[in-house]
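Structure data (mmCIF, C-alpha atoms and all ligand atoms) from coords_15.cif:
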data_entry
#
loop_
_atom_site.label_atom_id
_atom_site.label_comp_id
_atom_site.auth_asym_id
_atom_site.auth_seq_id
_atom_site.Cartn_x
_atom_site.Cartn_y
_atom_site.Cartn_z
CA MET W 1 41.89 8.74 65.62
CA ILE W 2 42.54 12.05 63.85
CA VAL W 3 40.12 13.50 61.30
CA GLY W 4 41.82 15.82 58.78
CA ALA W 5 45.31 15.90 57.28
CA GLY W 6 45.90 19.64 57.38
CA PRO W 7 48.77 21.07 59.42
CA ALA W 8 46.91 20.40 62.70
CA GLY W 9 46.06 16.73 62.14
CA LEU W 10 49.39 15.78 60.58
CA LEU W 11 51.50 17.58 63.16
CA LEU W 12 49.56 16.07 66.05
CA SER W 13 50.05 12.60 64.56
CA GLN W 14 53.80 13.28 64.34
CA LEU W 15 54.12 14.74 67.88
CA LEU W 16 52.19 11.78 69.34
CA HIS W 17 54.36 9.31 67.41
CA LEU W 18 57.47 10.87 68.97
CA GLN W 19 55.96 10.02 72.38
CA GLY W 20 55.19 6.44 71.32
CA ILE W 21 51.45 7.13 70.82
CA GLU W 22 50.10 5.88 67.50
CA SER W 23 47.18 7.37 65.55
CA VAL W 24 45.20 6.89 62.34
CA VAL W 25 44.65 10.01 60.16
CA LEU W 26 41.60 10.16 57.87
CA GLU W 27 41.54 12.83 55.13
CA ARG W 28 38.72 13.55 52.71
CA CYS W 29 40.81 14.97 49.84
CA ASP W 30 43.56 13.33 47.83
CA ARG W 31 47.22 13.73 48.74
CA ALA W 32 48.15 15.84 45.70
CA TYR W 33 45.35 18.33 46.47
CA VAL W 34 46.31 18.67 50.14
CA GLU W 35 49.98 19.19 49.19
CA ALA W 36 49.19 21.85 46.58
CA ARG W 37 46.71 24.01 48.54
CA VAL W 38 48.27 27.50 48.76
CA ARG W 39 47.47 29.08 52.11
CA ALA W 40 49.50 30.41 55.03
CA GLY W 41 53.07 31.60 54.77
CA VAL W 42 54.17 33.13 58.08
CA LEU W 43 55.46 30.98 60.94
CA GLU W 44 55.72 32.44 64.42
CA HIS W 45 59.01 31.99 66.24
CA GLY W 46 57.46 29.23 68.40
CA THR W 47 55.82 27.51 65.42
CA ALA W 48 59.24 27.11 63.79
CA GLU W 49 60.57 25.74 67.11
CA THR W 50 57.66 23.29 67.31
CA LEU W 51 58.39 22.01 63.78
CA ARG W 52 62.03 21.51 64.83
CA GLU W 53 60.84 19.61 67.90
CA ALA W 54 58.68 17.47 65.59
CA GLY W 55 61.78 16.57 63.55
CA ILE W 56 60.46 17.94 60.26
CA SER W 57 62.42 21.19 59.94
CA THR W 58 65.27 20.26 57.58
CA ARG W 59 63.70 21.89 54.53
CA MET W 60 62.18 24.76 56.54
CA ASP W 61 65.61 25.59 57.96
CA ALA W 62 67.23 25.37 54.50
CA GLU W 63 64.56 27.10 52.38
CA GLY W 64 62.44 29.14 54.81
CA MET W 65 63.20 32.85 54.98
CA PRO W 66 63.72 34.29 58.50
CA HIS W 67 62.44 37.88 58.73
CA ASP W 68 63.46 40.25 61.53
CA GLY W 69 60.77 42.80 60.81
CA THR W 70 57.88 43.87 58.62
CA GLU W 71 56.74 47.05 56.92
CA LEU W 72 53.55 49.01 57.52
CA ARG W 73 52.84 51.26 54.55
CA PHE W 74 50.29 54.06 54.47
CA ALA W 75 49.96 57.56 53.01
CA ARG W 76 52.60 56.53 50.41
CA ALA W 77 55.28 56.11 53.12
CA ARG W 78 57.12 53.10 54.60
CA HIS W 79 57.42 52.35 58.35
CA ARG W 80 59.41 49.36 59.62
CA ILE W 81 58.46 47.34 62.71
CA ASP W 82 61.71 45.78 63.91
CA PHE W 83 60.78 42.46 65.58
CA ALA W 84 64.35 41.57 66.49
CA THR W 85 65.02 44.81 68.39
CA LEU W 86 61.57 45.01 69.99
CA THR W 87 61.16 41.36 71.03
CA GLY W 88 64.35 39.41 70.24
CA ARG W 89 62.22 37.11 68.10
CA HIS W 90 61.66 36.64 64.37
CA ILE W 91 59.26 34.91 61.98
CA VAL W 92 59.99 32.42 59.21
CA VAL W 93 58.33 32.73 55.80
CA TYR W 94 57.69 29.16 54.58
CA GLY W 95 54.57 27.95 52.77
CA GLN W 96 51.93 25.93 54.60
CA GLN W 97 51.82 23.41 51.76
CA GLU W 98 55.56 22.82 52.19
CA ILE W 99 54.98 22.01 55.88
CA VAL W 100 52.15 19.67 54.86
CA LYS W 101 54.47 17.95 52.33
CA ASP W 102 57.22 17.62 54.97
CA LEU W 103 54.75 16.17 57.50
CA ILE W 104 53.23 13.66 55.08
CA ALA W 105 56.72 12.49 54.05
CA ALA W 106 57.74 12.10 57.72
CA ARG W 107 54.54 10.26 58.64
CA PHE W 108 54.85 7.79 55.75
CA HIS W 109 58.56 7.35 56.47
CA ALA W 110 57.59 6.24 59.99
CA GLY W 111 55.05 3.78 58.56
CA ALA W 112 52.04 5.77 59.80
CA ASP W 113 48.42 4.99 58.88
CA VAL W 114 47.39 8.13 56.96
CA ARG W 115 44.43 7.55 54.62
CA PHE W 116 43.44 9.98 51.85
CA GLU W 117 40.17 10.23 49.87
CA VAL W 118 38.03 9.02 52.79
CA ASP W 119 34.82 10.96 52.23
CA ASP W 120 32.28 9.40 54.60
CA VAL W 121 33.77 9.87 58.07
CA ALA W 122 31.19 9.70 60.88
CA LEU W 123 31.80 9.93 64.64
CA HIS W 124 30.02 7.79 67.27
CA ASP W 125 29.91 7.18 71.06
CA LEU W 126 31.98 10.27 71.82
CA ASP W 127 30.71 10.42 75.41
CA SER W 128 31.89 6.85 76.10
CA ASP W 129 35.44 5.60 76.87
CA ARG W 130 35.61 3.89 73.46
CA PRO W 131 34.51 6.38 70.79
CA ARG W 132 34.24 5.05 67.23
CA VAL W 133 34.81 6.42 63.79
CA THR W 134 33.19 4.84 60.76
CA ALA W 135 34.51 5.40 57.24
CA GLY W 136 34.66 3.34 54.04
CA GLY W 137 32.53 0.57 55.54
CA GLU W 138 34.98 0.17 58.43
CA SER W 139 34.41 0.92 62.12
CA ILE W 140 37.50 1.90 64.14
CA GLU W 141 37.54 2.26 67.93
CA ALA W 142 39.92 4.68 69.62
CA ASP W 143 40.69 6.23 73.00
CA PHE W 144 40.20 9.74 71.63
CA VAL W 145 38.89 11.32 68.44
CA ILE W 146 40.64 14.50 67.32
CA GLY W 147 38.65 16.82 65.07
CA ALA W 148 41.30 18.58 62.96
CA ASP W 149 39.03 18.80 59.93
CA GLY W 150 39.09 22.54 59.33
CA PHE W 151 36.26 25.07 59.29
CA HIS W 152 34.02 23.01 56.96
CA GLY W 153 34.58 19.70 58.77
CA ILE W 154 32.06 17.56 60.63
CA SER W 155 33.56 17.34 64.11
CA ARG W 156 32.40 20.73 65.43
CA ASP W 157 28.77 19.63 64.85
CA HIS W 158 29.24 17.06 67.64
CA LEU W 159 29.65 19.70 70.37
CA ALA W 160 26.49 19.29 72.45
CA ASP W 161 25.89 22.88 73.42
CA PRO W 162 28.59 25.14 71.99
CA SER W 163 28.88 28.87 72.43
CA VAL W 164 29.72 30.46 69.10
CA TYR W 165 31.25 33.92 68.71
CA GLU W 166 31.42 35.26 65.18
CA ARG W 167 32.16 38.32 63.08
CA THR W 168 32.11 38.50 59.30
CA TYR W 169 33.82 41.33 57.48
CA PRO W 170 32.40 43.16 54.46
CA PHE W 171 35.48 42.34 52.34
CA ALA W 172 37.57 39.41 51.11
CA TRP W 173 41.17 38.85 49.97
CA LEU W 174 42.08 38.17 46.38
CA GLY W 175 45.37 36.22 46.62
CA ILE W 176 47.90 35.65 43.86
CA LEU W 177 51.08 33.65 43.52
CA ALA W 178 53.41 35.08 40.87
CA GLU W 179 56.58 33.90 39.24
CA ALA W 180 58.43 37.09 40.11
CA PRO W 181 61.18 37.89 42.60
CA PRO W 182 59.80 39.68 45.70
CA SER W 183 59.93 43.48 45.39
CA SER W 184 60.88 43.91 49.04
CA ARG W 185 63.03 41.90 51.46
CA GLU W 186 60.22 41.83 54.04
CA LEU W 187 56.41 41.66 54.04
CA ILE W 188 54.50 44.89 53.38
CA TYR W 189 51.09 45.49 55.01
CA CYS W 190 49.60 48.46 53.17
CA ARG W 191 46.57 50.61 53.87
CA HIS W 192 45.31 52.60 50.86
CA GLU W 193 42.06 54.41 50.11
CA ASN W 194 41.24 51.72 47.49
CA GLY W 195 41.72 49.04 50.15
CA PHE W 196 44.38 46.89 51.81
CA ALA W 197 47.27 45.25 49.94
CA LEU W 198 49.84 42.74 51.19
CA HIS W 199 53.16 41.90 49.64
CA SER W 200 54.53 38.53 50.76
CA MET W 201 56.68 35.82 49.22
CA ARG W 202 57.41 32.12 49.08
CA SER W 203 60.99 32.04 47.76
CA PRO W 204 63.56 34.36 46.14
CA SER W 205 61.71 33.82 42.83
CA ILE W 206 58.04 33.61 43.94
CA THR W 207 55.92 36.51 45.19
CA ARG W 208 52.64 36.08 47.09
CA MET W 209 50.29 39.07 47.19
CA TYR W 210 46.80 39.94 48.33
CA LEU W 211 44.28 42.69 47.55
CA GLN W 212 41.23 43.64 49.60
CA VAL W 213 38.14 43.20 47.39
CA PRO W 214 34.39 43.34 48.16
CA ALA W 215 33.06 40.21 49.93
CA THR W 216 30.87 39.38 46.94
CA GLU W 217 33.63 39.76 44.33
CA ASP W 218 33.83 37.43 41.32
CA ILE W 219 37.38 36.34 40.48
CA GLY W 220 36.38 36.45 36.79
CA ASP W 221 36.26 40.25 37.04
CA TRP W 222 39.97 40.39 37.86
CA SER W 223 42.21 40.01 34.81
CA ASP W 224 45.94 39.69 35.48
CA ASP W 225 46.44 43.23 34.19
CA ARG W 226 43.80 44.63 36.54
CA ILE W 227 45.43 42.85 39.50
CA TRP W 228 48.91 44.23 38.73
CA SER W 229 47.58 47.69 38.11
CA GLU W 230 45.68 47.74 41.43
CA LEU W 231 48.67 46.35 43.36
CA THR W 232 50.90 49.04 41.80
CA THR W 233 48.44 51.79 42.74
CA ARG W 234 47.99 50.69 46.35
CA LEU W 235 51.67 49.96 47.04
CA ALA W 236 53.03 53.17 45.47
CA THR W 237 55.30 55.33 47.65
CA ASP W 238 56.63 58.84 47.33
CA ASP W 239 60.15 57.41 47.19
CA GLY W 240 59.42 55.40 44.03
CA PHE W 241 58.62 51.79 45.11
CA GLU W 242 58.75 49.48 42.09
CA LEU W 243 56.74 46.28 41.89
CA THR W 244 58.26 43.42 39.91
CA GLU W 245 55.60 41.63 37.84
CA GLY W 246 55.54 38.08 36.49
CA PRO W 247 53.19 35.32 35.28
CA LEU W 248 50.47 34.33 37.77
CA LEU W 249 50.62 30.74 39.07
CA ASP W 250 47.53 30.86 41.30
CA LYS W 251 44.60 33.23 41.87
CA SER W 252 41.81 32.85 44.45
CA ILE W 253 39.41 34.75 46.73
CA THR W 254 39.17 34.08 50.49
CA PRO W 255 36.34 35.38 52.69
CA MET W 256 37.26 37.08 55.99
CA ARG W 257 35.76 35.86 59.23
CA SER W 258 36.42 35.70 62.97
CA PHE W 259 34.86 32.64 64.61
CA VAL W 260 35.33 30.85 67.93
CA ALA W 261 33.36 27.76 69.06
CA THR W 262 33.73 26.66 72.67
CA PRO W 263 34.17 24.27 74.42
CA MET W 264 36.76 22.69 72.11
CA GLN W 265 35.89 19.24 73.46
CA GLN W 266 32.96 16.91 74.01
CA GLY W 267 33.56 13.68 75.91
CA ARG W 268 36.45 11.97 74.09
CA LEU W 269 36.29 14.38 71.11
CA LEU W 270 38.91 17.15 71.10
CA ILE W 271 38.79 19.82 68.38
CA ALA W 272 41.83 21.72 67.10
CA GLY W 273 42.74 24.43 64.58
CA ASP W 274 40.29 25.88 62.05
CA ALA W 275 37.67 23.32 63.11
CA ALA W 276 37.29 25.31 66.34
CA HIS W 277 38.30 28.84 65.38
CA ILE W 278 38.97 31.07 62.37
CA VAL W 279 40.71 34.45 62.22
CA PRO W 280 41.02 36.85 59.30
CA PRO W 281 44.49 36.33 57.76
CA THR W 282 45.74 39.89 58.40
CA GLY W 283 47.59 38.87 61.57
CA ALA W 284 48.99 35.67 59.97
CA LYS W 285 47.68 33.71 62.95
CA GLY W 286 45.43 30.87 61.63
CA MET W 287 47.97 28.11 61.06
CA ASN W 288 50.06 29.25 64.01
CA LEU W 289 47.02 28.84 66.27
CA ALA W 290 46.28 25.41 64.79
CA ILE W 291 49.86 24.39 65.61
CA ALA W 292 49.65 25.84 69.14
CA ASP W 293 46.44 23.81 69.74
CA VAL W 294 48.03 20.51 68.72
CA ARG W 295 51.24 21.24 70.60
CA LEU W 296 49.04 21.59 73.68
CA LEU W 297 47.04 18.47 72.81
CA SER W 298 50.18 16.41 72.29
CA ARG W 299 51.31 17.34 75.81
CA ALA W 300 47.86 16.67 77.30
CA LEU W 301 47.65 13.26 75.61
CA GLY W 302 51.28 12.54 76.54
CA GLY W 303 50.34 13.20 80.20
CA TYR W 304 47.35 10.89 79.83
CA TYR W 305 49.30 7.95 78.37
CA GLN W 306 52.61 8.36 80.18
CA ASP W 307 51.54 9.52 83.64
CA GLY W 308 47.88 8.50 83.81
CA ARG W 309 46.84 12.15 84.14
CA ASP W 310 43.50 13.27 82.78
CA ASP W 311 43.62 16.83 84.15
CA LEU W 312 45.55 18.18 81.13
CA VAL W 313 42.97 16.81 78.68
CA ALA W 314 40.17 18.16 80.90
CA ALA W 315 41.81 21.62 80.89
CA TYR W 316 42.41 21.67 77.10
CA THR W 317 39.67 24.15 76.17
CA GLU W 318 40.47 26.58 78.95
CA THR W 319 44.22 26.50 78.26
CA ALA W 320 43.83 26.81 74.48
CA LEU W 321 41.25 29.59 74.59
CA ARG W 322 43.53 32.14 76.20
CA ARG W 323 45.80 32.10 73.15
CA VAL W 324 42.83 31.79 70.77
CA TRP W 325 41.18 34.95 72.09
CA ARG W 326 44.49 36.88 72.12
CA ALA W 327 45.00 35.97 68.44
CA THR W 328 41.36 36.71 67.66
CA HIS W 329 41.71 40.20 69.08
CA PHE W 330 45.06 40.81 67.36
CA SER W 331 43.72 39.63 63.98
CA TRP W 332 40.59 41.79 64.31
CA TRP W 333 42.75 44.78 65.32
CA MET W 334 45.17 44.40 62.40
CA THR W 335 42.22 43.92 60.04
CA THR W 336 40.31 47.02 61.11
CA MET W 337 43.48 49.13 61.16
CA LEU W 338 44.59 48.15 57.64
CA HIS W 339 41.37 47.71 55.62
CA THR W 340 38.95 50.30 54.34
CA ASP W 341 35.45 49.57 55.60
CA PRO W 342 32.90 49.88 52.77
CA ASP W 343 30.15 50.27 55.40
CA GLY W 344 32.27 52.60 57.54
CA ASP W 345 32.26 56.33 57.81
CA ALA W 346 34.85 59.09 57.94
CA PHE W 347 35.09 58.60 61.72
CA SER W 348 36.22 54.94 61.49
CA GLU W 349 38.68 55.89 58.76
CA GLN W 350 40.26 58.53 61.00
CA LEU W 351 40.48 56.02 63.87
CA ALA W 352 42.36 53.54 61.64
CA ASN W 353 44.76 56.28 60.54
CA ALA W 354 45.30 57.30 64.17
CA GLN W 355 46.13 53.66 65.07
CA LEU W 356 48.67 53.42 62.25
CA ASP W 357 50.22 56.73 63.24
CA TYR W 358 50.48 55.55 66.88
CA VAL W 359 51.82 52.08 66.14
CA THR W 360 54.59 53.51 63.99
CA ALA W 361 55.40 56.39 66.37
CA SER W 362 55.28 54.64 69.75
CA THR W 363 57.79 51.99 70.84
CA ALA W 364 55.22 50.60 73.32
CA MET W 365 52.61 50.12 70.59
CA ALA W 366 55.12 48.76 68.05
CA THR W 367 56.31 46.27 70.69
CA SER W 368 52.72 45.14 71.21
CA LEU W 369 52.33 44.48 67.48
CA ALA W 370 55.72 42.75 67.31
CA GLU W 371 55.13 40.43 70.28
CA ASN W 372 51.71 39.37 68.99
CA TYR W 373 52.97 38.92 65.43
CA THR W 374 56.07 36.90 66.29
CA GLY W 375 53.94 34.91 68.75
CA LEU W 376 53.38 34.90 72.48
CA PRO W 377 55.07 32.21 74.60
CA TYR W 378 53.29 28.87 74.98
CA GLU W 379 53.76 28.54 78.72
CA GLN W 380 50.66 28.70 80.91
CA GLY W 381 50.44 32.03 82.64
CA TRP W 382 52.71 33.79 80.15
CA SER W 383 53.59 37.34 80.87
CA TYR W 384 56.04 39.75 79.31
CA ARG W 385 56.61 41.64 82.52
P1 LIG A 1 42.89 22.77 57.39
O1 LIG A 1 44.21 23.21 56.83
O2 LIG A 1 41.64 23.34 56.85
O3 LIG A 1 42.87 21.19 57.34
C1 LIG A 1 41.69 20.44 57.60
C2 LIG A 1 41.74 19.17 56.76
O4 LIG A 1 40.58 18.38 57.09
C3 LIG A 1 41.66 19.46 55.27
O5 LIG A 1 42.70 18.77 54.61
C4 LIG A 1 40.27 18.95 54.87
O6 LIG A 1 40.24 18.45 53.54
C5 LIG A 1 40.04 17.85 55.90
N1 LIG A 1 38.63 17.54 56.12
C6 LIG A 1 37.58 18.39 56.18
N2 LIG A 1 36.44 17.72 56.43
C7 LIG A 1 36.78 16.41 56.54
C8 LIG A 1 36.03 15.23 56.77
N3 LIG A 1 34.71 15.28 56.97
N4 LIG A 1 36.69 14.05 56.81
C9 LIG A 1 38.04 14.00 56.62
N5 LIG A 1 38.80 15.10 56.37
C10 LIG A 1 38.16 16.29 56.34
N6 LIG A 1 47.55 31.21 58.83
C11 LIG A 1 48.76 31.61 59.35
O7 LIG A 1 49.10 31.19 60.46
N7 LIG A 1 49.59 32.47 58.68
C12 LIG A 1 49.25 32.96 57.45
O8 LIG A 1 50.08 33.66 56.86
C13 LIG A 1 47.97 32.57 56.88
N8 LIG A 1 47.60 33.01 55.67
C14 LIG A 1 46.46 32.51 55.10
C15 LIG A 1 46.14 32.92 53.84
C16 LIG A 1 44.98 32.42 53.21
C17 LIG A 1 44.65 32.87 51.83
C18 LIG A 1 44.17 31.46 53.89
C19 LIG A 1 42.95 30.88 53.21
C20 LIG A 1 44.49 31.07 55.16
C21 LIG A 1 45.63 31.58 55.78
N9 LIG A 1 45.98 31.18 57.06
C22 LIG A 1 47.16 31.66 57.61
C23 LIG A 1 45.14 30.24 57.81
C24 LIG A 1 45.62 28.79 57.71
O9 LIG A 1 45.77 28.40 56.38
C25 LIG A 1 44.65 27.87 58.46
O10 LIG A 1 44.42 28.39 59.73
C26 LIG A 1 45.18 26.42 58.57
O11 LIG A 1 45.07 25.75 57.33
C27 LIG A 1 44.43 25.62 59.64
O12 LIG A 1 44.92 24.31 59.67
P2 LIG A 1 43.97 23.09 60.09
O13 LIG A 1 44.83 21.87 59.98
O14 LIG A 1 43.28 23.41 61.35
O15 LIG A 1 42.83 23.07 58.98
C1 LIG A 2 51.14 34.78 53.07
O1 LIG A 2 52.35 34.87 52.75
O2 LIG A 2 50.37 34.00 52.50
C2 LIG A 2 50.60 35.64 54.15
C3 LIG A 2 51.47 36.46 54.85
C4 LIG A 2 50.98 37.26 55.87
C5 LIG A 2 49.63 37.24 56.17
C6 LIG A 2 48.77 36.40 55.48
C7 LIG A 2 49.25 35.59 54.46
O3 LIG A 2 49.16 38.05 57.15
#
Entire entry expressed as structure tokens:
Amino acid sequence: MIVGAGPAGLLLSQLLHLQGIESVVLERCDRAYVEARVRAGVLEHGTAETLREAGISTRMDAEGMPHDGTELRFARARHRIDFATLTGRHIVVYGQQEIVKDLIAARFHAGADVRFEVDDVALHDLDSDRPRVTAGGESIEADFVIGADGFHGISRDHLADPSVYERTYPFAWLGILAEAPPSSRELIYCRHENGFALHSMRSPSITRMYLQVPATEDIGDWSDDRIWSELTTRLATDDGFELTEGPLLDKSITPMRSFVATPMQQGRLLIAGDAAHIVPPTGAKGMNLAIADVRLLSRALGGYYQDGRDDLVAAYTETALRRVWRATHFSWWMTTMLHTDPDGDAFSEQLANAQLDYVTASTAMATSLAENYTGLPYEQGWSYR
């Protein structure tokens, strides 16, 4: 039984199906809403491989945009981090909602039981061998319940005695989707005295961009003109960068938070993705972590059903957390380096500038950024040495 049809829940259902393990997916929202939700855009090298392994990569491989590097921009100058040279790996820019569409299509094609608009899911008997989920007047027994219901879901509340680690940031991201060709071939992460700006994309004709705004900001205070003007100011370079504008298709504000709840399991309940942990989006890690969790879970559950092993399920939290904490640190580091801190002082500002100077001047530091950004290997005990 899987609660939540985000990337984590849907992908797990697909990976289990490929091993002959069937599941039911229960989703609170309707299908159109889930397929239209604009969120992540950057896939780690291994995430793209996992989607290929799941058999849902045809459109990603045709329409996704492989990027061999990214730009760090500060003090009106551009600095490229070359992933391909530093790590031999790349990322793929492909929208999360496209992955969700591809997964839903694949699941329905295989005759899967995926139910939308189920708004009264409740979990029972999680510490027994036959946990139950009730929803829509029905009671369904399962071997395992997977909580893939995102940060605002219900599954995390069933952890008996969780440890919670949390940091909120005094700023948010205002995100836009614009009908305009990208103004750069690669992503641009920009630090500016007015705040962070990010230039990303979804296709050769659609640009995705973000602006750091105060945590309490009201989207109503940001007219389209104000957004373009602020993006132009922050992204300006001494060599004359030009931003291509276009009509806005989407506009929203996202709070920034780091959050980890552990253990990620309770009896027969296993929690994955945003339900267990959140990172600020600056490192582009959230969906990638959700996918790494369910890749691990699919192997643990495969071991349980195919080889009668329960050690992999038992070790799930410990195995997953190593990657979770690495990504949590990387996301915090990218965030503090690239944002202006409204509560900070001149000292923290100089530290951020020193980090940017170092990361763009030192091959060792640039390699560290590149290997975290393109994604660390999945294997237990990974090491780059
Ligand atoms: P979700 O996508 O949140 O899915 C959970 C699902 O569970 C939802 O469909 C929800 O409706 C459903 N649900 C909730 N409660 C219940 C319930 N009680 N019963 C049934 N269903 C329920 N990550 C990256 O890796 N790269 C990026 O570039 C990136 N950029 C981002 C930009 C923005 C603006 C935002 C907001 C996020 C970004 N992220 C990024 C993070 C990424 O979107 C999330 O980490 C990802 O969606 C997590 O997937 P999930 O399946 O765990 O959770
Ligand atoms: C995006 O394209 O939505 C995106 C890209 C990089 C990030 C966050 C979001 O770090």
Which neighbours of Pro214 of chain W fall inside 10 Å, counting only C-alpha atoms, when residues of the same chain fewer than 6 positions from it are skipped, and could you give them as a list in words?
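What passes the distance filter is Tyr169, Pro170, Phe171, Ala172, Trp173, Leu174, Gly195, Pro255, Asp341 and Pro342 of chain W.
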Polymer residues at most 8 Å from Glu186 of chain W, only C-alpha atoms, same-chain spacing of 5 or more positions, as an MDAnalysis selection string:
chainID W and resid 67 69:71 200
Write out, as an mmCIF file, in the coordinates of the input, the residues just selected, with C-alpha atoms.
data_model
loop_
_atom_site.group_PDB
_atom_site.id
_atom_site.type_symbol
_atom_site.label_atom_id
_atom_site.label_comp_id
_atom_site.auth_asym_id
_atom_site.auth_seq_id
_atom_site.Cartn_x
_atom_site.Cartn_y
_atom_site.Cartn_z
ATOM 1 C CA HIS W 67 62.440 37.880 58.730
ATOM 2 C CA GLY W 69 60.770 42.800 60.810
ATOM 3 C CA THR W 70 57.880 43.870 58.620
ATOM 4 C CA GLU W 71 56.740 47.050 56.920
ATOM 5 C CA SER W 200 54.530 38.530 50.760
#
With 7 Å as the threshold, what does the neighbourhood of (41.5, 8.2, 57.7) contain in terms of residues, counting all atoms listed in the file? Coordinates are those of the file; answer as a ChimeraX atom specification.
/W:3,24-27,114-116,118
Could you tell me which of W:Asp307, W:Glu22, W:Glu230, W:Glu44 comes closest to ligand LIG 2 (chain A) if we count only C-alpha atoms and all ligand atoms?
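Under the stated criterion, the closest residue is W:Glu44.
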Considering all atoms listed in the file, give me a table of residues in chain W that are at most 10 Å from ligand LIG 2 (chain A), with the closest atom pair and distance in Å for each, as JSON lines.
{"residue": "W:Val38", "atom": "CA", "partner": "A:LIG2", "partner_atom": "O2", "distance": 7.8}
{"residue": "W:Arg39", "atom": "CA", "partner": "A:LIG2", "partner_atom": "O2", "distance": 5.7}
{"residue": "W:Ala40", "atom": "CA", "partner": "A:LIG2", "partner_atom": "O2", "distance": 4.5}
{"residue": "W:Gly41", "atom": "CA", "partner": "A:LIG2", "partner_atom": "O1", "distance": 3.9}
{"residue": "W:Val42", "atom": "CA", "partner": "A:LIG2", "partner_atom": "C3", "distance": 5.4}
{"residue": "W:Leu43", "atom": "CA", "partner": "A:LIG2", "partner_atom": "C3", "distance": 9.1}
{"residue": "W:Thr70", "atom": "CA", "partner": "A:LIG2", "partner_atom": "C4", "distance": 9.9}
{"residue": "W:Val93", "atom": "CA", "partner": "A:LIG2", "partner_atom": "O1", "distance": 7.0}
{"residue": "W:Tyr94", "atom": "CA", "partner": "A:LIG2", "partner_atom": "O1", "distance": 8.0}
{"residue": "W:Gly95", "atom": "CA", "partner": "A:LIG2", "partner_atom": "O1", "distance": 7.3}
{"residue": "W:Gln96", "atom": "CA", "partner": "A:LIG2", "partner_atom": "O2", "distance": 8.5}
{"residue": "W:Trp173", "atom": "CA", "partner": "A:LIG2", "partner_atom": "C6", "distance": 9.7}
{"residue": "W:Gly175", "atom": "CA", "partner": "A:LIG2", "partner_atom": "O2", "distance": 8.0}
{"residue": "W:Ile176", "atom": "CA", "partner": "A:LIG2", "partner_atom": "O2", "distance": 9.1}
{"residue": "W:Leu177", "atom": "CA", "partner": "A:LIG2", "partner_atom": "O2", "distance": 9.0}
{"residue": "W:Leu187", "atom": "CA", "partner": "A:LIG2", "partner_atom": "C3", "distance": 7.2}
{"residue": "W:Ile188", "atom": "CA", "partner": "A:LIG2", "partner_atom": "C4", "distance": 8.8}
{"residue": "W:Tyr189", "atom": "CA", "partner": "A:LIG2", "partner_atom": "O3", "distance": 8.0}
{"residue": "W:Leu198", "atom": "CA", "partner": "A:LIG2", "partner_atom": "C4", "distance": 7.3}
{"residue": "W:His199", "atom": "CA", "partner": "A:LIG2", "partner_atom": "C3", "distance": 7.7}
{"residue": "W:Ser200", "atom": "CA", "partner": "A:LIG2", "partner_atom": "O1", "distance": 4.7}
{"residue": "W:Met201", "atom": "CA", "partner": "A:LIG2", "partner_atom": "O1", "distance": 5.7}
{"residue": "W:Arg202", "atom": "CA", "partner": "A:LIG2", "partner_atom": "O1", "distance": 6.8}
{"residue": "W:Thr207", "atom": "CA", "partner": "A:LIG2", "partner_atom": "O1", "distance": 8.5}
{"residue": "W:Arg208", "atom": "CA", "partner": "A:LIG2", "partner_atom": "O1", "distance": 5.8}
{"residue": "W:Met209", "atom": "CA", "partner": "A:LIG2", "partner_atom": "O1", "distance": 7.3}
{"residue": "W:Tyr210", "atom": "CA", "partner": "A:LIG2", "partner_atom": "C7", "distance": 7.9}
{"residue": "W:Pro280", "atom": "CA", "partner": "A:LIG2", "partner_atom": "O3", "distance": 8.5}
{"residue": "W:Pro281", "atom": "CA", "partner": "A:LIG2", "partner_atom": "C6", "distance": 4.8}
{"residue": "W:Thr282", "atom": "CA", "partner": "A:LIG2", "partner_atom": "O3", "distance": 4.1}
{"residue": "W:Gly283", "atom": "CA", "partner": "A:LIG2", "partner_atom": "O3", "distance": 4.8}
{"residue": "W:Ala284", "atom": "CA", "partner": "A:LIG2", "partner_atom": "O3", "distance": 3.7}
{"residue": "W:Lys285", "atom": "CA", "partner": "A:LIG2", "partner_atom": "O3", "distance": 7.4}
{"residue": "W:Gly286", "atom": "CA", "partner": "A:LIG2", "partner_atom": "C6", "distance": 8.9}
{"residue": "W:Ser331", "atom": "CA", "partner": "A:LIG2", "partner_atom": "O3", "distance": 8.9}
{"residue": "W:Met334", "atom": "CA", "partner": "A:LIG2", "partner_atom": "O3", "distance": 9.2}
{"residue": "W:Thr335", "atom": "CA", "partner": "A:LIG2", "partner_atom": "O3", "distance": 9.5}
{"residue": "W:Tyr373", "atom": "CA", "partner": "A:LIG2", "partner_atom": "O3", "distance": 9.2}
At a cut-off of 12 Å, using all atoms listed in the file, what residues contact segment 128-138 of chain W? Leave out same-chain residues fewer than 5 positions from it and give the result as a PyMOL selection string.
chain W and resi 1-3+24-28+115-123+143-147+154-155+266-270
Which one of W:Ser229, W:Pro66, W:Asp218, W:Leu249 sits closest to Ala178 of chain W if you count only C-alpha atoms?
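Once distances to Ala178 of chain W are computed over only C-alpha atoms, the minimum belongs to W:Leu249.
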Separation of atom C20 of ligand LIG 1 (chain A) from atom CA of Asp293 of chain W, in Å and rounded to one decimal:
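These two atoms are separated by 16.4 Å.
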Closest to Leu126 of chain W among W:Glu141, W:Glu318, W:Ala8, W:Leu243, using all atoms listed in the file?
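Answer, going by the shortest atom-to-atom distance: W:Glu141.
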